[in-house]
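A short worksheet on the structure shown next.
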Number of protein chains: 2
Amino acid sequence: MKTKEVLYLKIARSIEDQIQADSLKLGDKIPSVRSAQKLYNVSLNTIKQAYLELESRSLIEARPKNGYYVSKSAQRKLDLPSVTKIKASSREQSPQDLVDKVFGAIANKDVTQFALGIPGQNFLPVAKLNKGIINAVRERNDGGTLYEPVQGNEQLRHEIAKWTLVLSGKITEEDLVITSGTMNAIFNALMAVTKPGDGVAVESPVYFGILQAIQVLGLRAVEVPTHPVYGVDLDALKKVLPGIAACCFVTNFNNPMGFLMPEDNKKALVELITQYNVPLIEDDLYGNLYFGGERPKPCKFYDEAGLVIWCASVSKSMAPGYRVGWVAPGQFKERIIRQKIAQTVCTPSLYSDVIAHFLRYGRFDHHLRNFRNKLFANYLQIQRAIEDYFPDNTKVSQPKGGFMLWLELDKRICTEDLYDQAWVRKMNFAPGRMFTQHNQYNNCMRLNYAMEWTDRVENDLKILGKLVKNSI
Amino acid sequence: MKTKEVLYLKIARSIEDQIQADSLKLGDKIPSVRSAQKLYNVSLNTIKQAYLELESRSLIEARPKNGYYVSKSAQRKLDLPSVTKIKASSREQSPQDLVDKVFGAIANKDVTQFALGIPGQNFLPVAKLNKGIINAVRERNDGGTLYEPVQGNEQLRHEIAKWTLVLSGKITEEDLVITSGTMNAIFNALMAVTKPGDGVAVESPVYFGILQAIQVLGLRAVEVPTHPVYGVDLDALKKVLPGIAACCFVTNFNNPMGFLMPEDNKKALVELITQYNVPLIEDDLYGNLYFGGERPKPCKFYDEAGLVIWCASVSKSMAPGYRVGWVAPGQFKERIIRQKIAQTVCTPSLYSDVIAHFLRYGRFDHHLRNFRNKLFANYLQIQRAIEDYFPDNTKVSQPKGGFMLWLELDKRICTEDLYDQAWVRKMNFAPGRMFTQHNQYNNCMRLNYAMEWTDRVENDLKILGKLVKNSI
């Protein structure tokens with residue numbers, strides 16, 4: 001036993017040395033268990049133990065069905081972004097013009113779209129979905145020309161409830177309403193629980209779509225300081241809770257910061273909003289795109305009072321353009337169904353069939369597993385590229401899932417100016433100012449890494465890093 | 001010349017006699033010009049003159065490419081519905097529960113759905129649209145998985161602008177925003193031009209979907225007396241205009257009354273709202289379903305100030321379930337696009353392709369012509385059936401297009417009670433109380449006649465007439 005112990009530790013130390021010496025870099029794949037067995041000429045079990053040891057010390061990370069990688073935490077060179085204290089006095093100003101400018105350019109196919117909020121096409125199961133559409137058209141007697149029930153396609157709701165394993169037993173098809181994407185779920189949830197002039201607590205930085213919905217509905221966004229690893233600051237939230245009508249948070253793999261709110265914080269958050277009787281609109285559209293071992297729970301899991309309005313969709317993992325989302329509105333279900341009738345009568349029927357069918361027969365888990373593997377590999381790539389090409393004082397988020405990276409650059413950098421420089425070089429990104437109504441995050445940017453990792457992408461990041469360096 | 005004159009008048013009088021004697025009944029097709037020529041052994045021109053004479057006296061009606069029919073006005077036995085004076089004092093009460101009850105039953109296929117607001121499936125070009133979907137899936141590289149531009153598919157907007165011949169030159173693709181059906185266009189228009197608490201003028205009776213949208217948005221519906229032939233009473237409207245934020249009218253083939261607002265009234269209406277600077281949301285979704293010689297103009301045609309928000313869709317003529325509609329928002333375009341982003345990001349892409357393609361290559365005009373012919377034939381059928389089976393004091397609307405008939409029954413009849421009796425006999429209809437927020441129209445009902453005219457339908461109307469007679 002003792003020899004064996006020493007042996008696996010010896011192997012572990014040898015790999016650790018390689019990592020420290022930079023001969024194994026962040027994001028590199030290390031040999032598979034079987035290759036390592038041959039390499040070190042030891043038993044399979046010894047290698048497994050060695051890797052377990054390295055994993056327990058966060059030096060390497062297992063990707064299910066995809067082997068082991070040098071962990072990001074193994075040699076994190078750059079700091080995390082800072083938590084911004086929101087100055088209550090600072091004048092609120094919508095980033096609308098900037099959002100329009102950036103959004104107006106996303107159709108340009110010549111440009112490396114680091115600004116996009118959706119995955120590249122080659123990450124989506126397009127061929128399978130196309131077959132699904134053709135089947136659905138043939139199977140439906142009416143070809144999807146007639147109305148759906150207002151609450152939404154029953155089969156789709158059933159499949160969603162089934163696939164929401166993490167909430168299993170907590171929601172059924174009866175608890176779900178189909179919406180036109182997650183944005184439509186959030187918009188409807190906001191409408192259901194607020195009236196114009198009400199305050200809504202949001203994270204800061206906050207996904208600009210949430211800011212837009214708040215503005216369109218005549219509400220006030222109340223930005224709450226948000227930690228890049230733990231999420232919204234619960235003490236700060238507690239102070240504003242008595243004066244607001246709702247919270248709207250992206251708890252799992254936050255947009256733009258990528259954090260996963262820890263379980264204890266989720267529990268505490270739900271307790272808090274229950275205590276103050278303030279509904280929580282939970283935007284959980286990235287929840288299935290985890291890098292860890294399992295799908296994290298949403299706050300909805302801890303909700304006993306029906307105050308958590310859980311919103312999600314297939315937009316980030318399968319088909320953004322289908323506009324298929326859903327909401328589990330808790331105690332606000334009737335109100336949301338009423339709004340849906342008045343807003344659009346019902347959602348288009350055919351897409352619901354296609355997604356329901358894909359969830360049922362399309363090996364959704366297989367698609368997600370592949371997709372997550374690609375995203376994680378890309379995350380390691382972009383993390384490395386930032387370290388390689390950007391200044392050392394660049395602060396970078398540590399996403400636990402999803403496909404967004406948040407950078408905080410040197411204070412002297414204005415990413416709005418940088419945007420124009422990058423655009424000339426045929427790339428874009430989302431400037432930090434888009435993610436707040438205050439005059440802040442001007443030195444920040446959000447990068448999407450759900451794209452094929454080509455030489456061009458690598459080179460674009462190199463150029464972007466140079467532009468940053470030249471701007472200081 | 002004189003002999004000839006006498007001849008055609010003689011022929012006209014002979015046909016008139018047949019109509020009066022009931023040997024030619026309302027809705028009967030009269031011999032074609034060529035058959036009549038042989039029958040009377042006269043010149044083609046003489047017959048044409050005779051028919052022109054009969055037409056000018058509203059005894060017969062020409063259906064383009066479909067011959068001549070005995071006109072409904074030739075022997076109208078029943079009165080028109082009355083104009084209801086809205087009692088300002090009467091308590092407002094939403095017909096929501098009733099709407100829910102009726103809507104909750106529309107999926108039942110065992111029931112003759114006189115309550116439905118959409119055409120039966122066999123009136124829709126399902127096979128052609130299905131082919132369109134399959135083509136669109138194959139042609140699109142992304143299979144519709146990616147986002148559309150926020151304003152909507154450009155090709156679709158182009159085709160809609162092209163097909164809106166009646167507005168030709170007045171709108172281009174730039175003036176249109178694609179929405180999720182007409183209801184979504186109206187909802188967005190209401191949102192764009194009002195704030196909670198504002199008043200919105202509507203017709204009375206009013207389409208209940210408009211009432212629902214007004215209620216969901218926290219607005220006040222102001223029902224304006226409405227004539228069954230001329231539409232909203234402009235004098236009455238003028239009195240309320242100073243106190244309201246918008247008008248929302250169904251001007252062409254009104255739902256539920258089927259009237260076509262006369263051109264002069266449309267002009268006067270647009271002048272009036274322009275004078276008071278009150279936006280008019282014009283619900284023109286039935287405009288293509290005319291029984292007359294040409295597509296009537298919408299109020300939008302007379303709008304110089306950009307105050308008319310023109311809303312329409314393919315829901316009533318091609319594919320209700322596709323949820324493809326549009327709005328020409330005039331001066332409110334930017335606001336409506338902003339709302340659309342916040343509400344749903346964009347509309348699904350594939351359906352837009354399919355409709356654009358159908359408009360371009362699918363012989364849309366051919367489909368509409370057939371559809372209109374069927375609707376007109378059905379209208380004559382239902383008009384006759386009501387006269388045959390319902391009590392003589394039944395008042396009935398005189399639709400000029402669309403597929404809705406409005407009945408005003410004996411004051412002692414409660415159509416809510418009648419609904420339950422009809423339901424037991426496997427048929428339904430829309431009780432009048434659904435079309436108002438006041439305690440009125442309790443003796444009215446709306447019947448949809450866009451369905452295959454079978455013996456069962458005929459028999460159902462016979463039974464319904466008996467139920468009415470027994471309820472007096």
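Residues are referred to by chain and number: the chain letter is A, B, ... according to the order shown in the structure tokens, the number counts from 1 in that chain, and ligands are numbered separately from 1 in the order shown.
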Contacts from chain B to chain A, 7 Å maximum, only C-alpha atoms: show me the residue list as number ranges by chain.
B: 121, 126, 130, 134, 137, 142-148, 180-181, 183-184, 187, 209, 212-213, 216, 319-323, 339, 342-345, 348-349
With only C-alpha atoms as the counted atoms, please give the residues lying no more than 10 Å from region 258-269 of chain A, apart from itself and same-chain residues fewer than 3 positions off, as an MDAnalysis selection string.
chainID A and resid 226:234 237:238 250:255 272:275 280 286:287 290 296:303 397:406
Restrict the calculation to only C-alpha atoms, then for each residue of region 20-70 of chain B with any atom at most 9 Å from an atom of region 364-381 of chain B give the closest atom pair and their distance in Å to one decimal, rows by chain and rising residue number, as a tab-separated table.
residue	atom	partner	partner_atom	distance
B:Leu26	CA	B:Leu380	CA	6.9
B:Gly27	CA	B:Leu380	CA	4.9
B:Asp28	CA	B:Leu380	CA	8.4
B:Arg63	CA	B:Asn373	CA	7.2
B:Pro64	CA	B:Arg369	CA	8.2
B:Lys65	CA	B:Arg369	CA	8.6
B:Asn66	CA	B:Asn373	CA	7.3
For the residues in that selection, give me N, CA, C and O atoms as a compact mmCIF listing (two decimals), in the first residue's frame.
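Result file is again12.txt:
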# COMPACT_ATOMS: atom_id res chain seq x y z
N LEU B 26 -82.48 34.57 -51.91
CA LEU B 26 -81.25 35.21 -51.42
C LEU B 26 -80.09 34.22 -51.49
O LEU B 26 -80.17 33.13 -50.93
N GLY B 27 -79.05 34.58 -52.18
CA GLY B 27 -77.87 33.73 -52.23
C GLY B 27 -77.86 32.81 -53.44
O GLY B 27 -76.83 32.21 -53.74
N ASP B 28 -78.97 32.68 -54.11
CA ASP B 28 -78.97 31.86 -55.32
C ASP B 28 -78.10 32.49 -56.38
O ASP B 28 -78.02 33.71 -56.50
N ARG B 63 -69.93 38.68 -58.13
CA ARG B 63 -68.74 38.20 -57.42
C ARG B 63 -67.67 38.03 -58.47
O ARG B 63 -67.86 37.24 -59.41
N PRO B 64 -66.54 38.77 -58.38
CA PRO B 64 -65.53 38.69 -59.44
C PRO B 64 -65.20 37.23 -59.77
O PRO B 64 -64.97 36.44 -58.87
N LYS B 65 -65.22 36.92 -61.04
CA LYS B 65 -64.90 35.57 -61.58
C LYS B 65 -65.85 34.50 -61.08
O LYS B 65 -65.54 33.32 -61.11
N ASN B 66 -66.96 34.87 -60.50
CA ASN B 66 -67.81 33.86 -59.92
C ASN B 66 -69.28 34.09 -60.26
O ASN B 66 -70.16 33.46 -59.68
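For region 243-366 of chain B, the set of residues given strand (DSSP E) by DSSP on the backbone reads Ala246, Cys247, Cys248, Phe249, Leu280, Ile281, Glu282, Asp283, Val308, Ile309, Trp310, Cys311, Ala312, Ser313, Gly325, Trp326, Val327 and Ala328 of chain B.
Between CA of Thr84 (chain B) and CA of Ala236 (chain B) there is a distance of 11.9 Å.
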I'd like to know which residues of region 94-337 of chain B are helix (DSSP H, G or I) (by DSSP, run on the backbone); could you write them as a VMD selection string?
chain B and resid 96 to 103 121 to 123 126 to 139 154 to 163 165 to 167 173 to 175 181 to 193 208 to 216 234 to 243 263 to 276 299 to 302 320 to 322 330 to 337
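Put simply, CA of Trp423 (chain B) is 26.1 Å away from CA of Ser204 (chain B).
Within 8 Å of region 239-249 of chain A there are Leu190, Val193, Thr194, Asp198, Gly199, Val200, Ala201, Val202, Glu203, Ile210, Ile273, Tyr276, Val278, Pro279, Leu280, Ile281, Glu282 and Asp283 of chain A, counting only C-alpha atoms and ignoring same-chain residues fewer than 5 positions away.
The shell of residues at most 7 Å from region 39-49 of chain B, with only C-alpha atoms counted and near chain neighbours (fewer than 5 positions) removed, consists of Tyr8, Val33 and Arg34 of chain B.
Of the listed residues B:Ala105, B:Phe332, B:Trp163, B:Ile86, the one whose atoms come nearest to Asp175 (chain B) is B:Phe332, with distances taken using only C-alpha atoms.
Within 12 Å of Lys411 (chain A), once only C-alpha atoms are used and residues closer than 3 positions along the same chain are dropped, the contacting residues are Pro81, Ser82, Asn393, Thr394, Lys395, Leu407, Glu408, Cys414, Thr415, Gln440, Tyr441, Asn442, Asn443, Cys444, Val468, Ser471 and Ile472 of chain A.
Taking only C-alpha atoms, the non-local environment of Asp420 (chain B) within 12 Å (same-chain residues fewer than 6 positions away omitted) comprises Leu98, Lys101, Val102, Ala105, Cys414, Lys426, Met427, Asn428, Phe429, Ala430, Pro431, Leu464 and Leu467 of chain B.
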